[in-house]
Amino acid sequence: MRTVDVLVVGAGLAGLHTGRLLAAQGLDVLVVDRRRSLSAGIRTTGIFVRRTLDDFDLPDHLLGPGVRDMLLYPPSRRAPIRLTSDRDEYRVADMAAVYQHAYRAAQSAGARVLLGVRYTGGSAGLARFADAEPVTVRFVVGADGARSRVARELGLDVNRRFLVGAEIVHPVAPGTTLPAFHCVLDPRFAPGYLGWVIDDGRHAHVGVAGYPHAMRAGIRHLLDAFTVDAPGRAAPSGPIERRGGPIPIGGVLRRLACPAGLLVGDAAGAVSPLTAGGLDPCLRMSELAAAVAAAYLRTGDQRVLDQYSGDALRARFRGRLLLRRTFAGIRSPAAAEAAVALLRGRAGRAMAARILFGDRSFPTVDPPLSDGPVRAVPARSPRNGLAAPRPPE
């Protein structure tokens, strides 16, 4: 029976990035995913914010043109608030290509990545699969999404607060639109969150998200209704793709690690509670997770795992969680109109710009590990992979 140092369950961005970093440190890493193709089941819009673009080397050819204009609409769609940055704030990635790039980078680092292999559970160091032979593992990384099976099996914390989102994606004719991010605050379509259109001049993403219990008509119906007159949407010039899935918004979970494994990405709640952005925290927490896991496997010192705790991060989420509750309280079009009106003043626009263009939507998560047998900061990888960072959303 094959034995591996680390089993990573889930080949999304968090799983592939963590697997690559661990393999680059000489560990025997196996990454599995039940999908047969990484282009199937994509659940993210793929918006990378400026902070991520500044701190990580993302392949430029996989990113669309920069977006500097943000327009915030009330339910009436009249007189939107326009915020314009003097630099690129967002770039939308071709996520299928990003995953494929991360797949190749993980393999190049020495990780073995198996697609079409469904993890069915594990115990006592034995991992079982529906479509492959079991393996003996020293450590498991749960990168298996917002409703993580690994989290439940390891007795770690699980996500309990969710939005559900859905969007359509399609190409637009070149030269017909200017890059812009349109956001609509309208609880009729997106209770507790937003409807959006982000068009970078190459592709348009049109979506809605909200609390599932409040979306009584069903998210697909609400998306179709929103799409009819979504502001800024250009006509499709090619095939339409549908995406969707749950978005954890309760903040980083408290108990993220134990001697048998740890959690990364959506499984760890690594999503901004306010903006629901998950790509930036996914990369940042994967750096720390890989450093902690490697140090623990080298030393066997369980105190190292204490460095991977959500408690310190949650203390810095208090303001975001408070704003999330405020956002959730906007339950009628009239309340949404009033909220947008409050943002029209100087102070309101400054707050909106701070949230939408700010660098602190997710806290920095790379404090040095405590001195001891291993002294390390989350490993800074060579710049030949998906997201090797420059020293520091």
# chains A, B, ... in the order shown; residues from 1 in each chain; ligands from 1
call {"tool": "residues_around", "arguments": {"residues": "range 16-21 of chain A", "least_positions_apart": "2", "cutoff": "8 Å", "atoms": "only C-alpha atoms", "output": "JSON, numbers by chain"}}
result
{"A": [8, 10, 11, 12, 13, 14, 23, 24, 25, 29, 30, 31, 102, 103, 105, 106, 107, 109, 110, 111, 283, 286, 287, 289, 290, 379, 381, 386, 387]}
call {"tool": "select_by_dssp", "arguments": {"residues": "range 166-355 of chain A", "states": "strand (DSSP E)", "output": "MDAnalysis selection string"}}
result
chainID A and resid 166:171 180:184 195:199 203:210 241:248 257:258 261:263
call {"tool": "write_last_selection", "arguments": {"atoms": "N, CA, C and O atoms", "output": "short mmCIF file (atom, residue, chain, number, x, y, z; two decimals), in the first residue's frame"}}
result
data_model
loop_
_atom_site.label_atom_id
_atom_site.label_comp_id
_atom_site.auth_asym_id
_atom_site.auth_seq_id
_atom_site.Cartn_x
_atom_site.Cartn_y
_atom_site.Cartn_z
N ALA A 166 -24.78 32.48 -7.99
CA ALA A 166 -24.86 31.91 -9.33
C ALA A 166 -24.58 33.01 -10.33
O ALA A 166 -24.90 34.18 -10.10
N GLU A 167 -23.97 32.63 -11.45
CA GLU A 167 -23.69 33.63 -12.49
C GLU A 167 -23.64 32.96 -13.85
O GLU A 167 -23.49 31.73 -13.96
N ILE A 168 -23.77 33.80 -14.87
CA ILE A 168 -23.51 33.36 -16.23
C ILE A 168 -22.26 34.09 -16.72
O ILE A 168 -21.98 35.22 -16.30
N VAL A 169 -21.51 33.43 -17.58
CA VAL A 169 -20.27 33.98 -18.12
C VAL A 169 -20.32 33.82 -19.63
O VAL A 169 -20.69 32.74 -20.13
N HIS A 170 -19.97 34.87 -20.36
CA HIS A 170 -19.96 34.76 -21.81
C HIS A 170 -18.99 35.77 -22.40
O HIS A 170 -18.72 36.82 -21.80
N PRO A 171 -18.46 35.51 -23.57
CA PRO A 171 -17.60 36.49 -24.24
C PRO A 171 -18.42 37.65 -24.77
O PRO A 171 -19.63 37.54 -25.02
N ALA A 180 -15.59 47.64 -16.66
CA ALA A 180 -16.28 48.24 -15.52
C ALA A 180 -16.88 47.13 -14.67
O ALA A 180 -17.17 46.04 -15.15
N PHE A 181 -17.08 47.45 -13.40
CA PHE A 181 -17.67 46.54 -12.42
C PHE A 181 -18.96 47.21 -11.93
O PHE A 181 -18.92 48.25 -11.29
N HIS A 182 -20.09 46.62 -12.27
CA HIS A 182 -21.39 47.15 -11.90
C HIS A 182 -21.96 46.30 -10.75
O HIS A 182 -22.05 45.08 -10.87
N CYS A 183 -22.34 46.95 -9.65
CA CYS A 183 -22.92 46.26 -8.50
C CYS A 183 -24.29 46.86 -8.19
O CYS A 183 -24.43 48.08 -8.13
N VAL A 184 -25.27 45.98 -7.98
CA VAL A 184 -26.63 46.42 -7.72
C VAL A 184 -27.04 45.93 -6.34
O VAL A 184 -27.04 44.72 -6.08
N GLY A 195 -26.22 41.97 -6.73
CA GLY A 195 -26.15 41.50 -8.10
C GLY A 195 -24.99 42.20 -8.77
O GLY A 195 -24.63 43.33 -8.39
N TRP A 196 -24.37 41.57 -9.74
CA TRP A 196 -23.18 42.18 -10.34
C TRP A 196 -23.06 41.88 -11.83
O TRP A 196 -23.57 40.87 -12.34
N VAL A 197 -22.39 42.79 -12.49
CA VAL A 197 -21.91 42.59 -13.85
C VAL A 197 -20.48 43.10 -13.86
O VAL A 197 -20.24 44.28 -13.57
N ILE A 198 -19.55 42.23 -14.18
CA ILE A 198 -18.18 42.69 -14.37
C ILE A 198 -17.79 42.35 -15.80
O ILE A 198 -17.88 41.20 -16.23
N ASP A 199 -17.42 43.37 -16.53
CA ASP A 199 -17.12 43.25 -17.95
C ASP A 199 -15.74 43.87 -18.17
O ASP A 199 -15.55 45.06 -17.94
N HIS A 203 -14.83 39.34 -21.54
CA HIS A 203 -15.90 38.49 -21.04
C HIS A 203 -16.77 39.28 -20.07
O HIS A 203 -16.29 40.21 -19.40
N ALA A 204 -18.02 38.91 -19.99
CA ALA A 204 -18.95 39.47 -19.01
C ALA A 204 -19.37 38.37 -18.04
O ALA A 204 -19.65 37.25 -18.45
N HIS A 205 -19.37 38.72 -16.77
CA HIS A 205 -19.87 37.85 -15.71
C HIS A 205 -21.08 38.54 -15.11
O HIS A 205 -20.98 39.68 -14.63
N VAL A 206 -22.22 37.89 -15.13
CA VAL A 206 -23.46 38.45 -14.61
C VAL A 206 -23.96 37.51 -13.52
O VAL A 206 -24.19 36.32 -13.79
N GLY A 207 -24.10 38.02 -12.29
CA GLY A 207 -24.45 37.10 -11.21
C GLY A 207 -25.23 37.74 -10.09
O GLY A 207 -25.37 38.97 -10.01
N VAL A 208 -25.75 36.87 -9.23
CA VAL A 208 -26.42 37.29 -8.00
C VAL A 208 -25.98 36.34 -6.90
O VAL A 208 -25.60 35.19 -7.15
N ALA A 209 -26.05 36.83 -5.67
CA ALA A 209 -25.79 35.98 -4.51
C ALA A 209 -26.61 36.52 -3.35
O ALA A 209 -26.92 37.72 -3.29
N GLY A 210 -26.94 35.64 -2.43
CA GLY A 210 -27.71 36.07 -1.27
C GLY A 210 -27.91 34.93 -0.30
O GLY A 210 -27.40 33.81 -0.51
N GLU A 241 -21.79 30.14 -20.20
CA GLU A 241 -21.46 29.15 -19.17
C GLU A 241 -22.16 29.56 -17.87
O GLU A 241 -22.26 30.73 -17.55
N ARG A 242 -22.64 28.57 -17.13
CA ARG A 242 -23.26 28.82 -15.83
C ARG A 242 -22.36 28.32 -14.71
O ARG A 242 -21.77 27.24 -14.82
N ARG A 243 -22.30 29.11 -13.63
CA ARG A 243 -21.52 28.73 -12.45
C ARG A 243 -22.35 28.97 -11.21
O ARG A 243 -23.33 29.73 -11.25
N GLY A 244 -21.95 28.38 -10.12
CA GLY A 244 -22.65 28.64 -8.87
C GLY A 244 -22.16 27.76 -7.75
O GLY A 244 -21.46 26.77 -7.98
N GLY A 245 -22.53 28.15 -6.52
CA GLY A 245 -22.14 27.37 -5.36
C GLY A 245 -22.26 28.15 -4.07
O GLY A 245 -22.56 29.35 -4.08
N PRO A 246 -22.01 27.49 -2.94
CA PRO A 246 -22.09 28.16 -1.64
C PRO A 246 -20.85 29.01 -1.37
O PRO A 246 -19.76 28.71 -1.85
N ILE A 247 -21.04 30.08 -0.60
CA ILE A 247 -19.96 30.99 -0.22
C ILE A 247 -19.98 31.14 1.29
O ILE A 247 -20.92 31.71 1.85
N PRO A 248 -18.98 30.63 2.01
CA PRO A 248 -18.97 30.78 3.47
C PRO A 248 -18.67 32.23 3.85
O PRO A 248 -17.72 32.82 3.34
N ALA A 257 -6.75 23.16 12.67
CA ALA A 257 -5.70 22.14 12.56
C ALA A 257 -5.74 21.21 13.76
O ALA A 257 -6.15 21.59 14.86
N CYS A 258 -5.28 19.98 13.52
CA CYS A 258 -5.10 18.98 14.57
C CYS A 258 -3.94 18.09 14.12
O CYS A 258 -3.44 18.23 12.99
N GLY A 261 -4.36 16.70 10.52
CA GLY A 261 -4.51 17.50 9.31
C GLY A 261 -4.95 18.91 9.58
O GLY A 261 -5.09 19.34 10.74
N LEU A 262 -5.20 19.66 8.51
CA LEU A 262 -5.66 21.04 8.61
C LEU A 262 -6.51 21.39 7.41
O LEU A 262 -6.65 20.62 6.46
N LEU A 263 -7.09 22.60 7.45
CA LEU A 263 -8.02 23.06 6.41
C LEU A 263 -7.46 24.29 5.70
O LEU A 263 -6.78 25.12 6.32
#
call {"tool": "select_by_dssp", "arguments": {"residues": "range 9-211 of chain A", "states": "helix (DSSP H, G or I)", "output": "number ranges by chain"}}
result
A: 13-24, 50-55, 60-62, 95-109, 149-154
call {"tool": "closest_residue", "arguments": {"among": "A:Ala293, A:Val150, A:Ala234, A:Ile330", "to": "Pro174 in chain A", "atoms": "only C-alpha atoms"}}
result
A:Ala234
call {"tool": "residues_around", "arguments": {"residues": "Arg314 in chain A", "least_positions_apart": "6", "cutoff": "8 Å", "atoms": "only C-alpha atoms", "output": "MDAnalysis selection string"}}
result
chainID A and resid 251:254
call {"tool": "atom_distance", "arguments": {"atom1": "CA of Ala336 in chain A", "atom2": "CA of Gly277 in chain A"}}
result
21.4 Å
call {"tool": "closest_residue", "arguments": {"among": "A:Ala312, A:Val9, A:Arg78, A:Tyr193", "to": "Arg149 in chain A", "atoms": "only C-alpha atoms"}}
result
A:Val9
call {"tool": "residues_around", "arguments": {"residues": "Arg2 in chain A", "least_positions_apart": "2", "cutoff": "9 Å", "atoms": "only C-alpha atoms", "output": "PDB file with C-alpha atoms, in the first residue's frame"}}
result
ATOM      1  CA  VAL A   4       2.381   9.549   1.360  1.00  0.00           C
ATOM      2  CA  GLU A 133      -6.622   2.005  -4.028  1.00  0.00           C
ATOM      3  CA  PRO A 134      -6.401   3.319  -0.441  1.00  0.00           C
ATOM      4  CA  VAL A 135      -3.228   5.007   0.765  1.00  0.00           C
ATOM      5  CA  THR A 136      -1.587   5.465   4.135  1.00  0.00           C
ATOM      6  CA  VAL A 137      -1.135   9.137   4.978  1.00  0.00           C
TER       7      VAL A 137
END
call {"tool": "residues_around", "arguments": {"residues": "range 151-158 of chain A", "least_positions_apart": "3", "cutoff": "12 Å", "atoms": "only C-alpha atoms", "output": "ChimeraX atom specification"}}
result
/A:9,119-125,127,139-148,161-162,248-270,309-311
call {"tool": "atom_distance", "arguments": {"atom1": "CA of Gly192 in chain A", "atom2": "CA of Met95 in chain A"}}
result
26.0 Å
call {"tool": "residues_around", "arguments": {"residues": "Leu83 in chain A", "least_positions_apart": "4", "cutoff": "8 Å", "atoms": "only C-alpha atoms", "output": "mmCIF file with N, CA and C atoms, in the first residue's frame"}}
result
data_model
loop_
_atom_site.group_PDB
_atom_site.id
_atom_site.type_symbol
_atom_site.label_atom_id
_atom_site.label_comp_id
_atom_site.auth_asym_id
_atom_site.auth_seq_id
_atom_site.Cartn_x
_atom_site.Cartn_y
_atom_site.Cartn_z
ATOM 1 N N ASP A 69 -13.128 51.148 -12.881
ATOM 2 C CA ASP A 69 -14.400 51.810 -12.586
ATOM 3 C C ASP A 69 -15.354 50.855 -11.871
ATOM 4 N N MET A 70 -15.916 51.313 -10.768
ATOM 5 C CA MET A 70 -16.932 50.587 -10.019
ATOM 6 C C MET A 70 -18.175 51.467 -9.952
ATOM 7 N N LEU A 71 -19.334 50.905 -10.303
ATOM 8 C CA LEU A 71 -20.595 51.624 -10.232
ATOM 9 C C LEU A 71 -21.526 50.877 -9.286
ATOM 10 N N ARG A 349 -18.887 57.992 0.294
ATOM 11 C CA ARG A 349 -18.065 57.590 -0.855
ATOM 12 C C ARG A 349 -16.684 57.126 -0.393
ATOM 13 N N ALA A 353 -15.234 53.466 -1.107
ATOM 14 C CA ALA A 353 -13.944 53.280 -1.775
ATOM 15 C C ALA A 353 -12.994 52.459 -0.910
#
call {"tool": "decode", "arguments": {"residues": "range 97-208 of chain A", "atoms": "C-alpha atoms", "output": "mmCIF file, in the first residue's frame"}}
result
data_model
loop_
_atom_site.group_PDB
_atom_site.id
_atom_site.type_symbol
_atom_site.label_atom_id
_atom_site.label_comp_id
_atom_site.auth_asym_id
_atom_site.auth_seq_id
_atom_site.Cartn_x
_atom_site.Cartn_y
_atom_site.Cartn_z
ATOM 1 C CA ALA A 97 -6.565 28.090 -17.365
ATOM 2 C CA VAL A 98 -5.494 29.210 -13.863
ATOM 3 C CA TYR A 99 -6.356 25.783 -12.449
ATOM 4 C CA GLN A 100 -4.526 24.063 -15.290
ATOM 5 C CA HIS A 101 -1.482 26.253 -14.667
ATOM 6 C CA ALA A 102 -1.599 25.450 -10.946
ATOM 7 C CA TYR A 103 -1.954 21.748 -11.794
ATOM 8 C CA ARG A 104 1.195 21.809 -13.903
ATOM 9 C CA ALA A 105 3.065 23.838 -11.267
ATOM 10 C CA ALA A 106 2.147 21.327 -8.541
ATOM 11 C CA GLN A 107 3.290 18.438 -10.684
ATOM 12 C CA SER A 108 6.523 20.224 -11.572
ATOM 13 C CA ALA A 109 7.222 20.676 -7.852
ATOM 14 C CA GLY A 110 6.843 16.917 -7.337
ATOM 15 C CA ALA A 111 3.240 16.549 -6.226
ATOM 16 C CA ARG A 112 1.156 13.766 -7.762
ATOM 17 C CA VAL A 113 -2.278 15.052 -8.854
ATOM 18 C CA LEU A 114 -5.048 12.554 -9.598
ATOM 19 C CA LEU A 115 -8.308 13.734 -11.137
ATOM 20 C CA GLY A 116 -11.495 11.679 -11.237
ATOM 21 C CA VAL A 117 -10.687 10.205 -7.817
ATOM 22 C CA ARG A 118 -13.326 10.697 -5.126
ATOM 23 C CA TYR A 119 -12.229 10.714 -1.499
ATOM 24 C CA THR A 120 -14.676 8.662 0.549
ATOM 25 C CA GLY A 121 -13.184 8.990 4.016
ATOM 26 C CA GLY A 122 -10.298 8.122 6.242
ATOM 27 C CA SER A 123 -9.362 6.982 9.714
ATOM 28 C CA ALA A 124 -6.257 5.889 11.613
ATOM 29 C CA GLY A 125 -3.986 7.210 8.863
ATOM 30 C CA LEU A 126 -5.752 5.329 6.061
ATOM 31 C CA ALA A 127 -7.456 7.280 3.252
ATOM 32 C CA ARG A 128 -10.040 5.568 1.062
ATOM 33 C CA PHE A 129 -11.259 6.460 -2.423
ATOM 34 C CA ALA A 130 -14.145 5.376 -4.610
ATOM 35 C CA ASP A 131 -12.015 4.986 -7.710
ATOM 36 C CA ALA A 132 -8.513 4.126 -6.521
ATOM 37 C CA GLU A 133 -6.622 2.005 -4.028
ATOM 38 C CA PRO A 134 -6.401 3.319 -0.441
ATOM 39 C CA VAL A 135 -3.228 5.007 0.765
ATOM 40 C CA THR A 136 -1.587 5.465 4.135
ATOM 41 C CA VAL A 137 -1.135 9.137 4.978
ATOM 42 C CA ARG A 138 0.711 11.087 7.641
ATOM 43 C CA PHE A 139 -1.280 14.280 7.258
ATOM 44 C CA VAL A 140 -4.433 15.401 5.428
ATOM 45 C CA VAL A 141 -5.121 18.861 3.995
ATOM 46 C CA GLY A 142 -8.820 19.584 3.544
ATOM 47 C CA ALA A 143 -9.196 21.791 0.472
ATOM 48 C CA ASP A 144 -12.578 20.289 -0.314
ATOM 49 C CA GLY A 145 -14.781 23.350 -0.293
ATOM 50 C CA ALA A 146 -17.237 25.192 1.897
ATOM 51 C CA ARG A 147 -18.962 22.013 3.132
ATOM 52 C CA SER A 148 -15.764 20.131 3.843
ATOM 53 C CA ARG A 149 -15.950 16.428 4.551
ATOM 54 C CA VAL A 150 -12.375 16.458 5.811
ATOM 55 C CA ALA A 151 -13.274 19.072 8.436
ATOM 56 C CA ARG A 152 -16.014 16.852 9.843
ATOM 57 C CA GLU A 153 -13.837 13.741 9.858
ATOM 58 C CA LEU A 154 -10.978 15.497 11.642
ATOM 59 C CA GLY A 155 -13.300 17.055 14.222
ATOM 60 C CA LEU A 156 -12.353 20.573 13.131
ATOM 61 C CA ASP A 157 -14.716 23.523 12.854
ATOM 62 C CA VAL A 158 -17.155 23.650 9.949
ATOM 63 C CA ASN A 159 -18.773 26.550 8.095
ATOM 64 C CA ARG A 160 -22.316 27.336 9.192
ATOM 65 C CA ARG A 161 -23.110 30.684 7.556
ATOM 66 C CA PHE A 162 -23.421 30.825 3.797
ATOM 67 C CA LEU A 163 -24.467 32.853 0.837
ATOM 68 C CA VAL A 164 -25.323 31.024 -2.338
ATOM 69 C CA GLY A 165 -24.261 32.519 -5.641
ATOM 70 C CA ALA A 166 -24.861 31.911 -9.330
ATOM 71 C CA GLU A 167 -23.690 33.626 -12.488
ATOM 72 C CA ILE A 168 -23.512 33.364 -16.227
ATOM 73 C CA VAL A 169 -20.265 33.980 -18.122
ATOM 74 C CA HIS A 170 -19.960 34.756 -21.813
ATOM 75 C CA PRO A 171 -17.598 36.491 -24.241
ATOM 76 C CA VAL A 172 -18.361 39.970 -25.553
ATOM 77 C CA ALA A 173 -17.463 41.419 -28.921
ATOM 78 C CA PRO A 174 -14.066 43.187 -28.774
ATOM 79 C CA GLY A 175 -14.223 46.966 -28.647
ATOM 80 C CA THR A 176 -17.919 47.164 -27.753
ATOM 81 C CA THR A 177 -17.574 47.846 -24.011
ATOM 82 C CA LEU A 178 -15.238 49.552 -21.555
ATOM 83 C CA PRO A 179 -14.029 47.589 -18.523
ATOM 84 C CA ALA A 180 -16.277 48.240 -15.522
ATOM 85 C CA PHE A 181 -17.667 46.541 -12.424
ATOM 86 C CA HIS A 182 -21.392 47.151 -11.895
ATOM 87 C CA CYS A 183 -22.917 46.259 -8.496
ATOM 88 C CA VAL A 184 -26.634 46.421 -7.721
ATOM 89 C CA LEU A 185 -27.877 46.532 -4.143
ATOM 90 C CA ASP A 186 -31.347 45.010 -4.522
ATOM 91 C CA PRO A 187 -32.729 42.508 -1.981
ATOM 92 C CA ARG A 188 -35.380 41.379 -4.474
ATOM 93 C CA PHE A 189 -32.672 39.591 -6.461
ATOM 94 C CA ALA A 190 -29.762 39.333 -4.002
ATOM 95 C CA PRO A 191 -30.980 39.374 -0.367
ATOM 96 C CA GLY A 192 -28.032 40.115 1.878
ATOM 97 C CA TYR A 193 -25.546 40.673 -0.922
ATOM 98 C CA LEU A 194 -25.377 42.056 -4.491
ATOM 99 C CA GLY A 195 -26.153 41.500 -8.096
ATOM 100 C CA TRP A 196 -23.176 42.178 -10.343
ATOM 101 C CA VAL A 197 -21.914 42.592 -13.854
ATOM 102 C CA ILE A 198 -18.177 42.695 -14.371
ATOM 103 C CA ASP A 199 -17.116 43.246 -17.949
ATOM 104 C CA ASP A 200 -13.433 43.565 -18.770
ATOM 105 C CA GLY A 201 -13.968 44.026 -22.490
ATOM 106 C CA ARG A 202 -13.406 40.338 -23.208
ATOM 107 C CA HIS A 203 -15.901 38.489 -21.036
ATOM 108 C CA ALA A 204 -18.949 39.471 -19.010
ATOM 109 C CA HIS A 205 -19.872 37.848 -15.714
ATOM 110 C CA VAL A 206 -23.463 38.453 -14.606
ATOM 111 C CA GLY A 207 -24.450 37.100 -11.214
ATOM 112 C CA VAL A 208 -26.418 37.294 -7.998
#
